[in-house]
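Structure file upload.json with JSON, C-alpha atoms:
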[["chain", "number", "residue", "atom", "x", "y", "z"],
["A", 172, "MET", "CA", -29.06, -42.39, -133.91],
["A", 173, "LYS", "CA", -25.76, -44.11, -134.68],
["A", 174, "ILE", "CA", -22.94, -42.57, -132.63],
["A", 175, "ALA", "CA", -19.20, -42.42, -133.31],
["A", 176, "PHE", "CA", -16.77, -41.12, -130.67],
["A", 177, "LEU", "CA", -13.88, -39.07, -132.10],
["A", 178, "PHE", "CA", -10.62, -38.35, -130.28],
["A", 179, "PRO", "CA", -8.28, -35.42, -131.03],
["A", 180, "GLY", "CA", -4.58, -35.53, -131.79],
["A", 181, "GLN", "CA", -1.57, -33.39, -131.04],
["A", 182, "GLY", "CA", -2.17, -29.65, -131.35],
["A", 183, "SER", "CA", -5.43, -29.66, -129.37],
["A", 184, "GLN", "CA", -3.67, -29.23, -126.03],
["A", 185, "THR", "CA", -4.05, -26.01, -124.02],
["A", 186, "VAL", "CA", -3.07, -25.09, -120.48],
["A", 187, "GLY", "CA", -6.22, -25.43, -118.39],
["A", 188, "MET", "CA", -7.68, -28.33, -120.38],
["A", 189, "ALA", "CA", -10.05, -30.61, -118.44],
["A", 190, "ARG", "CA", -9.78, -28.34, -115.36],
["A", 191, "ASP", "CA", -13.48, -28.27, -114.41],
["A", 192, "ILE", "CA", -13.94, -31.94, -115.35],
["A", 193, "ILE", "CA", -11.14, -32.92, -112.94],
["A", 194, "GLU", "CA", -12.50, -30.63, -110.21],
["A", 195, "ASN", "CA", -16.07, -31.93, -110.46],
["A", 196, "TYR", "CA", -15.74, -35.63, -111.27],
["A", 197, "PRO", "CA", -13.70, -38.01, -109.07],
["A", 198, "VAL", "CA", -13.62, -40.58, -111.91],
["A", 199, "ALA", "CA", -11.74, -38.05, -114.07],
["A", 200, "LYS", "CA", -9.38, -37.18, -111.23],
["A", 201, "ASP", "CA", -8.65, -40.89, -110.79],
["A", 202, "VAL", "CA", -7.76, -41.25, -114.49],
["A", 203, "PHE", "CA", -5.22, -38.44, -114.17],
["A", 204, "ALA", "CA", -3.82, -39.93, -110.97],
["A", 205, "GLU", "CA", -3.31, -43.28, -112.70],
["A", 206, "ALA", "CA", -1.54, -41.58, -115.61],
["A", 207, "GLY", "CA", 0.65, -39.64, -113.17],
["A", 208, "SER", "CA", 1.70, -42.88, -111.48],
["A", 209, "VAL", "CA", 2.81, -44.26, -114.86],
["A", 210, "LEU", "CA", 4.63, -41.08, -115.93],
["A", 211, "GLY", "CA", 6.18, -40.19, -112.57],
["A", 212, "TYR", "CA", 4.87, -36.62, -112.39],
["A", 213, "ASP", "CA", 1.61, -34.79, -111.64],
["A", 214, "LEU", "CA", -0.04, -34.78, -115.07],
["A", 215, "ALA", "CA", -3.23, -33.12, -113.81],
["A", 216, "SER", "CA", -1.23, -30.15, -112.50],
["A", 217, "LEU", "CA", 0.68, -29.85, -115.78],
["A", 218, "CYS", "CA", -2.54, -29.88, -117.83],
["A", 219, "VAL", "CA", -4.33, -27.41, -115.58],
["A", 220, "ASN", "CA", -1.46, -25.08, -114.66],
["A", 221, "GLY", "CA", 1.23, -25.57, -117.30],
["A", 222, "PRO", "CA", 3.84, -24.37, -118.06],
["A", 223, "ALA", "CA", 2.87, -24.37, -121.75],
["A", 224, "ASP", "CA", 6.40, -25.07, -123.00],
["A", 225, "LYS", "CA", 6.50, -28.35, -121.06],
["A", 226, "LEU", "CA", 2.94, -29.32, -122.04],
["A", 227, "ASN", "CA", 3.83, -28.71, -125.70],
["A", 228, "LEU", "CA", 6.80, -31.12, -125.70],
["A", 229, "THR", "CA", 5.75, -34.01, -127.94],
["A", 230, "GLU", "CA", 6.49, -36.74, -125.40],
["A", 231, "THR", "CA", 4.44, -34.82, -122.79],
["A", 232, "THR", "CA", 1.65, -33.67, -125.08],
["A", 233, "GLN", "CA", 0.73, -37.14, -126.29],
["A", 234, "PRO", "CA", 0.00, -38.73, -122.88],
["A", 235, "ALA", "CA", -1.64, -35.48, -121.73],
["A", 236, "ILE", "CA", -4.19, -35.42, -124.57],
["A", 237, "LEU", "CA", -4.85, -39.15, -124.31],
["A", 238, "THR", "CA", -5.40, -38.89, -120.54],
["A", 239, "ALA", "CA", -7.66, -35.82, -120.79],
["A", 240, "SER", "CA", -9.73, -37.54, -123.47],
["A", 241, "ILE", "CA", -10.13, -40.78, -121.50],
["A", 242, "ALA", "CA", -10.98, -38.84, -118.32],
["A", 243, "ILE", "CA", -13.76, -36.98, -120.16],
["A", 244, "LEU", "CA", -14.89, -40.25, -121.78],
["A", 245, "ARG", "CA", -15.28, -41.90, -118.35],
["A", 246, "VAL", "CA", -17.53, -39.04, -117.25],
["A", 247, "LEU", "CA", -19.61, -39.32, -120.41],
["A", 248, "GLU", "CA", -19.90, -43.10, -120.01],
["A", 249, "GLY", "CA", -21.06, -42.52, -116.45],
["A", 250, "LYS", "CA", -23.93, -40.49, -117.90],
["A", 251, "GLY", "CA", -25.00, -43.46, -120.02],
["A", 252, "VAL", "CA", -23.55, -42.29, -123.35],
["A", 253, "THR", "CA", -22.06, -45.05, -125.48],
["A", 254, "ALA", "CA", -20.90, -45.30, -129.09],
["A", 255, "ASP", "CA", -21.15, -47.85, -131.88],
["A", 256, "ALA", "CA", -17.70, -47.02, -133.31],
["A", 257, "ALA", "CA", -14.73, -44.75, -132.70],
["A", 258, "ALA", "CA", -11.96, -42.98, -134.59],
["A", 259, "GLY", "CA", -9.03, -40.80, -133.58],
["A", 260, "HIS", "CA", -6.83, -38.33, -135.41],
["A", 261, "SER", "CA", -3.18, -39.51, -135.32],
["A", 262, "LEU", "CA", -2.40, -39.78, -131.58],
["A", 263, "GLY", "CA", -6.17, -39.92, -131.08],
["A", 264, "GLU", "CA", -6.23, -43.36, -132.70],
["A", 265, "TYR", "CA", -4.48, -44.69, -129.59],
["A", 266, "THR", "CA", -7.19, -43.05, -127.48],
["A", 267, "ALA", "CA", -9.89, -44.60, -129.68],
["A", 268, "ILE", "CA", -8.36, -48.05, -129.28],
["A", 269, "THR", "CA", -8.12, -47.56, -125.51],
["A", 270, "ALA", "CA", -11.75, -46.39, -125.39],
["A", 271, "ALA", "CA", -12.77, -49.50, -127.34],
["A", 272, "GLY", "CA", -10.92, -51.83, -124.93],
["A", 273, "GLY", "CA", -7.86, -52.57, -127.05],
["A", 274, "PHE", "CA", -5.24, -51.16, -124.68],
["A", 275, "ALA", "CA", -5.16, -51.09, -120.90],
["A", 276, "PHE", "CA", -5.08, -47.39, -120.00],
["A", 277, "ARG", "CA", -1.70, -47.62, -118.25],
["A", 278, "ASP", "CA", -0.17, -49.29, -121.30],
["A", 279, "ALA", "CA", -1.59, -46.62, -123.60],
["A", 280, "VAL", "CA", -0.13, -43.79, -121.50],
["A", 281, "SER", "CA", 3.31, -45.39, -121.50],
["A", 282, "LEU", "CA", 3.13, -46.22, -125.20],
["A", 283, "VAL", "CA", 2.22, -42.72, -126.40],
["A", 284, "ARG", "CA", 4.92, -41.13, -124.25],
["A", 285, "LYS", "CA", 7.45, -43.36, -126.03],
["A", 286, "ARG", "CA", 5.80, -42.64, -129.38],
["A", 287, "GLY", "CA", 6.21, -38.91, -128.76],
["A", 288, "ARG", "CA", 9.84, -39.32, -127.74],
["A", 289, "TYR", "CA", 10.68, -41.48, -130.76],
["A", 290, "MET", "CA", 9.01, -39.00, -133.12],
["A", 291, "GLN", "CA", 11.01, -36.13, -131.60],
["A", 292, "GLU", "CA", 14.27, -38.09, -131.80],
["A", 293, "ALA", "CA", 13.68, -39.16, -135.42],
["A", 294, "VAL", "CA", 14.20, -35.68, -136.88],
["A", 295, "PRO", "CA", 16.50, -32.98, -135.40],
["A", 296, "GLY", "CA", 14.87, -29.63, -134.70],
["A", 297, "GLY", "CA", 14.63, -27.35, -137.73],
["A", 298, "VAL", "CA", 15.12, -30.17, -140.26],
["A", 299, "GLY", "CA", 11.45, -31.01, -140.86],
["A", 300, "LEU", "CA", 8.35, -28.95, -141.57],
["A", 301, "MET", "CA", 4.59, -29.39, -141.95],
["A", 302, "ALA", "CA", 2.24, -27.02, -143.77],
["A", 303, "ALA", "CA", -1.50, -26.86, -144.42],
["A", 304, "ILE", "CA", -2.59, -26.38, -148.03],
["A", 305, "LEU", "CA", -6.08, -24.89, -148.22],
["A", 306, "GLY", "CA", -8.33, -24.77, -151.27],
["A", 307, "MET", "CA", -6.59, -27.32, -153.50],
["A", 308, "GLU", "CA", -7.83, -30.69, -154.75],
["A", 309, "ARG", "CA", -6.02, -33.86, -153.70],
["A", 310, "ALA", "CA", -4.60, -34.59, -157.13],
["A", 311, "ALA", "CA", -3.17, -31.07, -157.39],
["A", 312, "VAL", "CA", -1.50, -31.28, -153.97],
["A", 313, "GLU", "CA", -0.10, -34.73, -154.77],
["A", 314, "LYS", "CA", 1.28, -33.48, -158.10],
["A", 315, "THR", "CA", 2.85, -30.45, -156.37],
["A", 316, "CYS", "CA", 4.55, -32.68, -153.81],
["A", 317, "LEU", "CA", 5.90, -34.99, -156.52],
["A", 318, "GLU", "CA", 7.46, -32.04, -158.31],
["A", 319, "ALA", "CA", 8.82, -30.47, -155.12],
["A", 320, "ALA", "CA", 10.30, -33.82, -154.05],
["A", 321, "LYS", "CA", 13.24, -33.11, -156.40],
["A", 322, "ASN", "CA", 14.42, -30.91, -153.50],
["A", 323, "GLY", "CA", 14.00, -33.57, -150.79],
["A", 324, "ILE", "CA", 11.29, -35.46, -148.93],
["A", 325, "VAL", "CA", 7.78, -33.96, -149.14],
["A", 326, "ALA", "CA", 4.41, -35.70, -149.35],
["A", 327, "PRO", "CA", 0.79, -35.37, -148.23],
["A", 328, "ALA", "CA", 0.55, -36.25, -144.53],
["A", 329, "ASN", "CA", -3.05, -35.52, -143.49],
["A", 330, "TYR", "CA", -6.10, -35.60, -145.75],
["A", 331, "ASN", "CA", -8.15, -33.67, -143.19],
["A", 332, "SER", "CA", -11.22, -32.44, -145.05],
["A", 333, "PRO", "CA", -12.24, -31.25, -148.51],
["A", 334, "GLY", "CA", -9.77, -28.51, -149.40],
["A", 335, "GLN", "CA", -7.55, -29.01, -146.36],
["A", 336, "ILE", "CA", -4.47, -31.18, -146.81],
["A", 337, "VAL", "CA", -1.34, -31.08, -144.65],
["A", 338, "ILE", "CA", 2.03, -31.86, -146.23],
["A", 339, "ALA", "CA", 5.19, -32.90, -144.40],
["A", 340, "GLY", "CA", 8.86, -33.57, -145.02],
["A", 341, "GLU", "CA", 12.23, -31.88, -145.15],
["A", 342, "LYS", "CA", 12.10, -28.12, -144.61],
["A", 343, "ARG", "CA", 13.52, -27.07, -148.00],
["A", 344, "ALA", "CA", 11.26, -29.42, -149.98],
["A", 345, "VAL", "CA", 8.14, -28.44, -148.01],
["A", 346, "GLU", "CA", 8.92, -24.74, -148.53],
["A", 347, "THR", "CA", 9.29, -25.40, -152.26],
["A", 348, "ALA", "CA", 5.93, -27.20, -152.31],
["A", 349, "MET", "CA", 4.35, -24.29, -150.43],
["A", 350, "GLU", "CA", 5.51, -21.80, -153.06],
["A", 351, "MET", "CA", 4.38, -24.08, -155.88],
["A", 352, "ALA", "CA", 0.96, -24.53, -154.24],
["A", 353, "LYS", "CA", 0.51, -20.76, -153.98],
["A", 354, "ALA", "CA", 1.45, -20.38, -157.64],
["A", 355, "ALA", "CA", -1.01, -23.16, -158.56],
["A", 356, "GLY", "CA", -3.91, -21.32, -156.92],
["A", 357, "ALA", "CA", -4.11, -22.56, -153.32],
["A", 358, "LYS", "CA", -6.33, -20.23, -151.29],
["A", 359, "LYS", "CA", -3.96, -20.30, -148.35],
["A", 360, "VAL", "CA", -0.70, -22.00, -147.36],
["A", 361, "VAL", "CA", 0.13, -22.09, -143.66],
["A", 362, "PRO", "CA", 3.33, -23.47, -142.06],
["A", 363, "LEU", "CA", 2.41, -25.37, -138.87],
["A", 364, "ALA", "CA", 4.02, -24.72, -135.50],
["A", 365, "VAL", "CA", 5.04, -28.33, -134.90],
["A", 366, "SER", "CA", 8.52, -29.67, -134.25],
["A", 367, "VAL", "CA", 8.00, -33.06, -135.92],
["A", 368, "PRO", "CA", 7.05, -33.84, -139.56],
["A", 369, "SER", "CA", 4.50, -36.56, -138.78],
["A", 370, "HIS", "CA", 2.99, -39.12, -141.15],
["A", 371, "CYS", "CA", 5.79, -39.13, -143.71],
["A", 372, "SER", "CA", 8.80, -41.33, -144.46],
["A", 373, "MET", "CA", 10.99, -39.30, -142.04],
["A", 374, "MET", "CA", 9.18, -41.13, -139.21],
["A", 375, "LYS", "CA", 10.36, -44.61, -140.26],
["A", 376, "ASP", "CA", 13.00, -44.76, -137.51],
["A", 377, "ALA", "CA", 10.36, -43.84, -134.96],
["A", 378, "GLY", "CA", 8.16, -46.61, -136.32],
["A", 379, "GLU", "CA", 10.92, -49.20, -135.97],
["A", 380, "LYS", "CA", 11.43, -48.26, -132.31],
["A", 381, "LEU", "CA", 7.71, -48.21, -131.66],
["A", 382, "ALA", "CA", 7.35, -51.68, -133.18],
["A", 383, "ARG", "CA", 9.46, -53.16, -130.38],
["A", 384, "ASP", "CA", 7.21, -51.57, -127.74],
["A", 385, "LEU", "CA", 4.00, -52.59, -129.49],
["A", 386, "ASP", "CA", 5.24, -56.18, -129.53],
["A", 387, "LYS", "CA", 5.49, -56.10, -125.72],
["A", 388, "VAL", "CA", 2.08, -54.55, -125.08],
["A", 389, "ALA", "CA", -1.08, -56.64, -124.78],
["A", 390, "ILE", "CA", -3.70, -55.68, -127.38],
["A", 391, "SER", "CA", -7.23, -57.05, -127.08],
["A", 392, "ASP", "CA", -9.94, -57.36, -129.69],
["A", 393, "LEU", "CA", -12.20, -54.31, -129.56],
["A", 394, "ARG", "CA", -15.68, -53.99, -128.04],
["A", 395, "ILE", "CA", -16.61, -51.58, -130.83],
["A", 396, "PRO", "CA", -14.77, -51.12, -134.13],
["A", 397, "ILE", "CA", -12.48, -48.21, -134.92],
["A", 398, "VAL", "CA", -11.90, -46.67, -138.34],
["A", 399, "ASN", "CA", -8.14, -46.48, -138.77],
["A", 400, "ASN", "CA", -6.05, -43.61, -140.10],
["A", 401, "ALA", "CA", -3.85, -45.60, -142.47],
["A", 402, "ASP", "CA", -6.65, -47.14, -144.59],
["A", 403, "ALA", "CA", -9.96, -45.58, -143.42],
["A", 404, "LYS", "CA", -11.22, -49.13, -142.73],
["A", 405, "PHE", "CA", -13.13, -50.63, -139.84],
["A", 406, "LEU", "CA", -10.81, -52.66, -137.60],
["A", 407, "ARG", "CA", -11.80, -54.80, -134.65],
["A", 408, "THR", "CA", -9.14, -57.45, -133.98],
["A", 409, "ALA", "CA", -5.80, -57.21, -132.22],
["A", 410, "THR", "CA", -4.04, -58.77, -135.20],
["A", 411, "GLU", "CA", -5.25, -55.90, -137.42],
["A", 412, "LEU", "CA", -4.43, -53.11, -134.97],
["A", 413, "ARG", "CA", -0.70, -53.66, -134.46],
["A", 414, "PRO", "CA", 0.39, -53.34, -138.12],
["A", 415, "SER", "CA", -2.09, -50.51, -138.66],
["A", 416, "LEU", "CA", -0.54, -48.44, -135.86],
["A", 417, "LEU", "CA", 2.95, -49.02, -137.23],
["A", 418, "ARG", "CA", 1.94, -47.90, -140.73],
["A", 419, "GLN", "CA", 0.16, -44.88, -139.31],
["A", 420, "ILE", "CA", 3.27, -43.14, -137.97],
["A", 421, "SER", "CA", 4.96, -42.81, -141.37],
["A", 422, "SER", "CA", 1.98, -42.99, -143.76],
["A", 423, "PRO", "CA", -0.65, -40.41, -144.74],
["A", 424, "LEU", "CA", -3.58, -39.98, -142.40],
["A", 425, "TYR", "CA", -6.94, -40.39, -144.18],
["A", 426, "TRP", "CA", -9.27, -38.46, -141.88],
["A", 427, "GLU", "CA", -11.70, -37.24, -144.55],
["A", 428, "ASP", "CA", -12.00, -40.80, -145.86],
["A", 429, "SER", "CA", -12.52, -42.13, -142.32],
["A", 430, "ILE", "CA", -15.49, -39.83, -141.69],
["A", 431, "ASN", "CA", -16.89, -40.68, -145.12],
["A", 432, "ARG", "CA", -16.57, -44.38, -144.25],
["A", 433, "LEU", "CA", -18.53, -43.84, -141.03],
["A", 434, "THR", "CA", -21.19, -41.81, -142.84],
["A", 435, "ALA", "CA", -21.55, -44.46, -145.54],
["A", 436, "ASP", "CA", -22.12, -47.03, -142.78],
["A", 437, "GLY", "CA", -24.98, -44.99, -141.33],
["A", 438, "TYR", "CA", -23.24, -43.00, -138.60],
["A", 439, "ASP", "CA", -25.04, -39.71, -138.18],
["A", 440, "THR", "CA", -23.87, -38.42, -134.77],
["A", 441, "PHE", "CA", -20.23, -37.57, -134.06],
["A", 442, "ILE", "CA", -19.01, -36.67, -130.57],
["A", 443, "GLU", "CA", -15.50, -35.24, -130.22],
["A", 444, "ILE", "CA", -14.17, -36.16, -126.78],
["A", 445, "GLY", "CA", -11.14, -34.29, -125.45],
["A", 446, "PRO", "CA", -9.57, -30.84, -125.59],
["A", 447, "GLY", "CA", -10.48, -28.46, -128.39],
["A", 448, "ARG", "CA", -12.88, -28.63, -131.32],
["A", 449, "VAL", "CA", -10.51, -29.26, -134.23],
["A", 450, "LEU", "CA", -12.21, -32.48, -135.29],
["A", 451, "SER", "CA", -15.68, -30.98, -134.91],
["A", 452, "GLY", "CA", -14.73, -28.31, -137.45],
["A", 453, "LEU", "CA", -13.37, -30.91, -139.88],
["A", 454, "VAL", "CA", -16.37, -33.20, -139.55],
["A", 455, "LYS", "CA", -18.80, -30.34, -140.25],
["A", 456, "ARG", "CA", -17.06, -29.86, -143.59],
["A", 457, "ILE", "CA", -17.10, -33.58, -144.43],
["A", 458, "ALA", "CA", -20.44, -34.91, -143.07],
["A", 459, "LYS", "CA", -22.62, -31.88, -143.69],
["A", 460, "ASP", "CA", -25.83, -33.67, -142.66],
["A", 461, "GLY", "CA", -24.33, -35.17, -139.49],
["A", 462, "LYS", "CA", -24.93, -34.04, -135.92],
["A", 463, "VAL", "CA", -21.59, -32.86, -134.49],
["A", 464, "LEU", "CA", -21.14, -32.54, -130.72],
["A", 465, "ASN", "CA", -18.15, -32.21, -128.44],
["A", 466, "VAL", "CA", -17.24, -32.62, -124.78],
["A", 467, "GLU", "CA", -14.21, -30.78, -123.42],
["A", 468, "ASP", "CA", -15.56, -29.06, -120.27],
["A", 469, "LEU", "CA", -18.67, -28.81, -118.09],
["A", 470, "LYS", "CA", -20.48, -26.45, -120.47],
["A", 471, "SER", "CA", -20.02, -28.67, -123.53],
["A", 472, "LEU", "CA", -20.83, -31.76, -121.42],
["A", 473, "THR", "CA", -24.19, -30.22, -120.43],
["A", 474, "GLU", "CA", -24.93, -29.18, -124.02],
["A", 475, "THR", "CA", -24.07, -32.60, -125.44],
["A", 476, "LEU", "CA", -26.14, -34.48, -122.86],
["A", 477, "ALA", "CA", -29.10, -32.22, -123.66],
["A", 478, "ALA", "CA", -28.66, -32.80, -127.41],
["A", 479, "LEU", "CA", -28.65, -36.56, -126.79],
["A", 480, "GLY", "CA", -31.70, -36.39, -124.53],
["A", 481, "LYS", "CA", -29.76, -37.57, -121.47]]
Let me see the file written as structure tokens.
Amino acid sequence: MKIAFLFPGQGSQTVGMARDIIENYPVAKDVFAEAGSVLGYDLASLCVNGPADKLNLTETTQPAILTASIAILRVLEGKGVTADAAAGHSLGEYTAITAAGGFAFRDAVSLVRKRGRYMQEAVPGGVGLMAAILGMERAAVEKTCLEAAKNGIVAPANYNSPGQIVIAGEKRAVETAMEMAKAAGAKKVVPLAVSVPSHCSMMKDAGEKLARDLDKVAISDLRIPIVNNADAKFLRTATELRPSLLRQISSPLYWEDSINRLTADGYDTFIEIGPGRVLSGLVKRIAKDGKVLNVEDLKSLTETLAALGK
């Protein structure tokens, strides 16, 4: 068994996430308390009780998901479960690096709050848009975006799984690409309820601000490698991580390629750690022979431990 830990990104948050983990495991409660001391508010209460509109603010969501994921990871590690590699989807890449020893937890919490704020500030509300294109090949989506780009910025943002690609950019250009994709035979085209067009050139200003913060944060070489979003390559050293994270914010996210890279290297067991099961669903479509587990609450913790023979 060769295990990879996977960490979710923005969109997986829900009010009530990690509730029973916090209530039953002091180590998880301590993780939330540490995050709260960095942020200056009770993050555990926000995650468990809401309100949803505050939890869904980008600069709140990002530290919330990272903290919930690390809290659950600490519980899993306490049960003797370890991994040989890690990967994270967008924001989740910061969690993966933290899990692998690259960031001190406090630094990661502070960094992703700033990342969320910079992303929100980079594009005024209503200017950007993201949409999922289902049932189209990569080349067809890329061609559609190139043609629609006559109307403004639009490009593939997330290569999530076979037949699921998210595009991002300026609202008018994305809407044009959506109509063109439907006409070209896409099975489904879905606008996403996000306020920020991530992983496209509209995030360059956010990347420039983030670069200054990344320069001030200590990054260590990793205990286990991660597969990065920007290239779908194994990274292990601090010198590789910094530029990779800066490219990630305004470049396409190669999640399908990342899972294929892990599979090609012999990884056969994938454990999603954190709220939701978004990544589990994607991985099942990519690595069809892999074992896919997740831990988000006590029930899934019990099931995963049993599946691992712990």
Which residue of A:Leu406, A:Ala477, A:Ile336, A:Val283 approaches A:Leu381 most closely, using all atoms listed in the file: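 Among A:Leu406, A:Ala477, A:Ile336, A:Val283, it is A:Val283 that comes nearest to A:Leu381.
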Need the shell around A:Tyr196: protein/DNA/RNA residues with any atom at most 8 Å away, counting all atoms listed in the file. Skip same-chain ones fewer than 4 positions apart. Format as a list in words? Ile192, Lys200 and Val246 of chain A
Residues of stretch 404-448 of chain A at most 12 Å from stretch 317-331 of chain A: nearest atom pair and distance in Å, only C-alpha atoms, as a Markdown table:
| residue | atom | partner | partner_atom | distance |
| --- | --- | --- | --- | --- |
| A:Gln419 | CA | A:Ala328 | CA | 10.1 |
| A:Ile420 | CA | A:Ala328 | CA | 9.9 |
| A:Ser421 | CA | A:Ala328 | CA | 8.5 |
| A:Ser422 | CA | A:Ala328 | CA | 6.9 |
| A:Pro423 | CA | A:Ala328 | CA | 4.3 |
| A:Leu424 | CA | A:Asn329 | CA | 4.6 |
| A:Tyr425 | CA | A:Tyr330 | CA | 5.1 |
| A:Trp426 | CA | A:Asn331 | CA | 5.1 |
| A:Glu427 | CA | A:Asn331 | CA | 5.2 |
| A:Asp428 | CA | A:Tyr330 | CA | 7.9 |
| A:Ser429 | CA | A:Asn331 | CA | 9.6 |
| A:Ile430 | CA | A:Asn331 | CA | 9.7 |
| A:Asn431 | CA | A:Asn331 | CA | 11.4 |
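When only C-alpha atoms are used to measure the gap to A:Gly187, the shortest distance among A:Ile236, A:Ile397, A:Val209, A:Ala256 belongs to A:Ile236.
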Can you work out the spacing between atom CA of A:Lys314 and atom CA of A:Glu341 in Å, to one decimal? 17.0 Å
So that I can check the surroundings of stretch 287-297 of chain A, please list as a PDB file with C-alpha atoms, keeping the file's coordinate frame every protein, DNA and RNA residue that reaches within 12 Å of it, counting only C-alpha atoms and ignoring chain neighbours fewer than 5 positions away.
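Generated file (around_22.pdb):
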ATOM      1  CA  GLY A 180      -4.580 -35.530-131.790  1.00  0.00           C
ATOM      2  CA  GLN A 181      -1.570 -33.390-131.040  1.00  0.00           C
ATOM      3  CA  ASN A 227       3.830 -28.710-125.700  1.00  0.00           C
ATOM      4  CA  LEU A 228       6.800 -31.120-125.700  1.00  0.00           C
ATOM      5  CA  THR A 229       5.750 -34.010-127.940  1.00  0.00           C
ATOM      6  CA  GLU A 230       6.490 -36.740-125.400  1.00  0.00           C
ATOM      7  CA  THR A 231       4.440 -34.820-122.790  1.00  0.00           C
ATOM      8  CA  THR A 232       1.650 -33.670-125.080  1.00  0.00           C
ATOM      9  CA  GLN A 233       0.730 -37.140-126.290  1.00  0.00           C
ATOM     10  CA  PRO A 234       0.000 -38.730-122.880  1.00  0.00           C
ATOM     11  CA  ALA A 235      -1.640 -35.480-121.730  1.00  0.00           C
ATOM     12  CA  ILE A 236      -4.190 -35.420-124.570  1.00  0.00           C
ATOM     13  CA  LEU A 237      -4.850 -39.150-124.310  1.00  0.00           C
ATOM     14  CA  SER A 261      -3.180 -39.510-135.320  1.00  0.00           C
ATOM     15  CA  LEU A 262      -2.400 -39.780-131.580  1.00  0.00           C
ATOM     16  CA  VAL A 280      -0.130 -43.790-121.500  1.00  0.00           C
ATOM     17  CA  SER A 281       3.310 -45.390-121.500  1.00  0.00           C
ATOM     18  CA  LEU A 282       3.130 -46.220-125.200  1.00  0.00           C
ATOM     19  CA  GLY A 340       8.860 -33.570-145.020  1.00  0.00           C
ATOM     20  CA  GLU A 341      12.230 -31.880-145.150  1.00  0.00           C
ATOM     21  CA  LYS A 342      12.100 -28.120-144.610  1.00  0.00           C
ATOM     22  CA  ARG A 343      13.520 -27.070-148.000  1.00  0.00           C
ATOM     23  CA  ALA A 364       4.020 -24.720-135.500  1.00  0.00           C
ATOM     24  CA  VAL A 365       5.040 -28.330-134.900  1.00  0.00           C
ATOM     25  CA  SER A 366       8.520 -29.670-134.250  1.00  0.00           C
ATOM     26  CA  VAL A 367       8.000 -33.060-135.920  1.00  0.00           C
ATOM     27  CA  PRO A 368       7.050 -33.840-139.560  1.00  0.00           C
ATOM     28  CA  SER A 369       4.500 -36.560-138.780  1.00  0.00           C
ATOM     29  CA  HIS A 370       2.990 -39.120-141.150  1.00  0.00           C
ATOM     30  CA  CYS A 371       5.790 -39.130-143.710  1.00  0.00           C
ATOM     31  CA  SER A 372       8.800 -41.330-144.460  1.00  0.00           C
ATOM     32  CA  MET A 373      10.990 -39.300-142.040  1.00  0.00           C
ATOM     33  CA  MET A 374       9.180 -41.130-139.210  1.00  0.00           C
ATOM     34  CA  LYS A 375      10.360 -44.610-140.260  1.00  0.00           C
ATOM     35  CA  ASP A 376      13.000 -44.760-137.510  1.00  0.00           C
ATOM     36  CA  ALA A 377      10.360 -43.840-134.960  1.00  0.00           C
ATOM     37  CA  GLY A 378       8.160 -46.610-136.320  1.00  0.00           C
ATOM     38  CA  GLU A 379      10.920 -49.200-135.970  1.00  0.00           C
ATOM     39  CA  LYS A 380      11.430 -48.260-132.310  1.00  0.00           C
ATOM     40  CA  LEU A 381       7.710 -48.210-131.660  1.00  0.00           C
ATOM     41  CA  ALA A 382       7.350 -51.680-133.180  1.00  0.00           C
ATOM     42  CA  ARG A 383       9.460 -53.160-130.380  1.00  0.00           C
ATOM     43  CA  ASP A 384       7.210 -51.570-127.740  1.00  0.00           C
ATOM     44  CA  ILE A 420       3.270 -43.140-137.970  1.00  0.00           C
ATOM     45  CA  SER A 421       4.960 -42.810-141.370  1.00  0.00           C
TER      46      SER A 421
END
Can you measure atom CA of A:Gly445 to atom CA of A:Gly221 for me? One decimal in Å is fine. 17.2 Å
May I ask which of the residues A:Pro362, A:Gly273, A:Pro222, A:Gly299 is the closest one to A:Thr185, counting all atoms listed in the file?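 Among the listed residues, the smallest separation from A:Thr185 belongs to A:Pro222.
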Residue nearest A:Thr315 - candidates A:Lys387, A:Arg418, A:Arg456, A:Lys353, atoms counted: all atoms listed in the file: A:Lys353
Please return the centre and edge lengths, in Å to one decimal, of a box with edges along x, y and z that contains all listed atoms of stretch 264-275 of chain A, widened by 5 Å on every side, as AutoDock Vina command-line options.
--center_x -8.6 --center_y -47.8 --center_z -126.8 --size_x 18.3 --size_y 19.5 --size_z 21.8
Among the residues A:Met188, A:Ala199, A:Cys316, A:Gly447, the one that comes closest to A:Leu217 [using only C-alpha atoms]: A:Met188
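Of the listed residues (A:Ile268, A:Ala254, A:Ala189, A:Ala175), A:Ala189 comes nearest to A:Ala242; the distances count all atoms listed in the file.
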Suppose you want the space between atom CA of A:Gly461 and atom CA of A:Gly437; what is it in Å? 10.0 Å
Quick one: residues within 9 Å of A:Glu474, all atoms listed in the file counted, chain neighbours fewer than 6 positions away excluded, as a list in words?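 Non-adjacent residues within range: Leu464, Asn465 and Val466 of chain A.
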Spatial neighbours of A:Asn220, max dist 9 Å, only C-alpha atoms, sep filter under 4 positions, as a list in words: Val186, Gly187, Arg190, Ala215 and Ser216 of chain A
Please save C-alpha atoms of the selected residues as a compact mmCIF listing (two decimals), keeping the file's coordinate frame.
# COMPACT_ATOMS: atom_id res chain seq x y z
CA VAL A 186 -3.07 -25.09 -120.48
CA GLY A 187 -6.22 -25.43 -118.39
CA ARG A 190 -9.78 -28.34 -115.36
CA ALA A 215 -3.23 -33.12 -113.81
CA SER A 216 -1.23 -30.15 -112.50
Kindly provide, as number ranges by chain, the polymer residues lying within 10 Å of (-29.5, -41.8, -130.5), counting all atoms listed in the file and using the coordinates exactly as they appear in the file. A: 172-174, 252-254, 439-440, 478-481
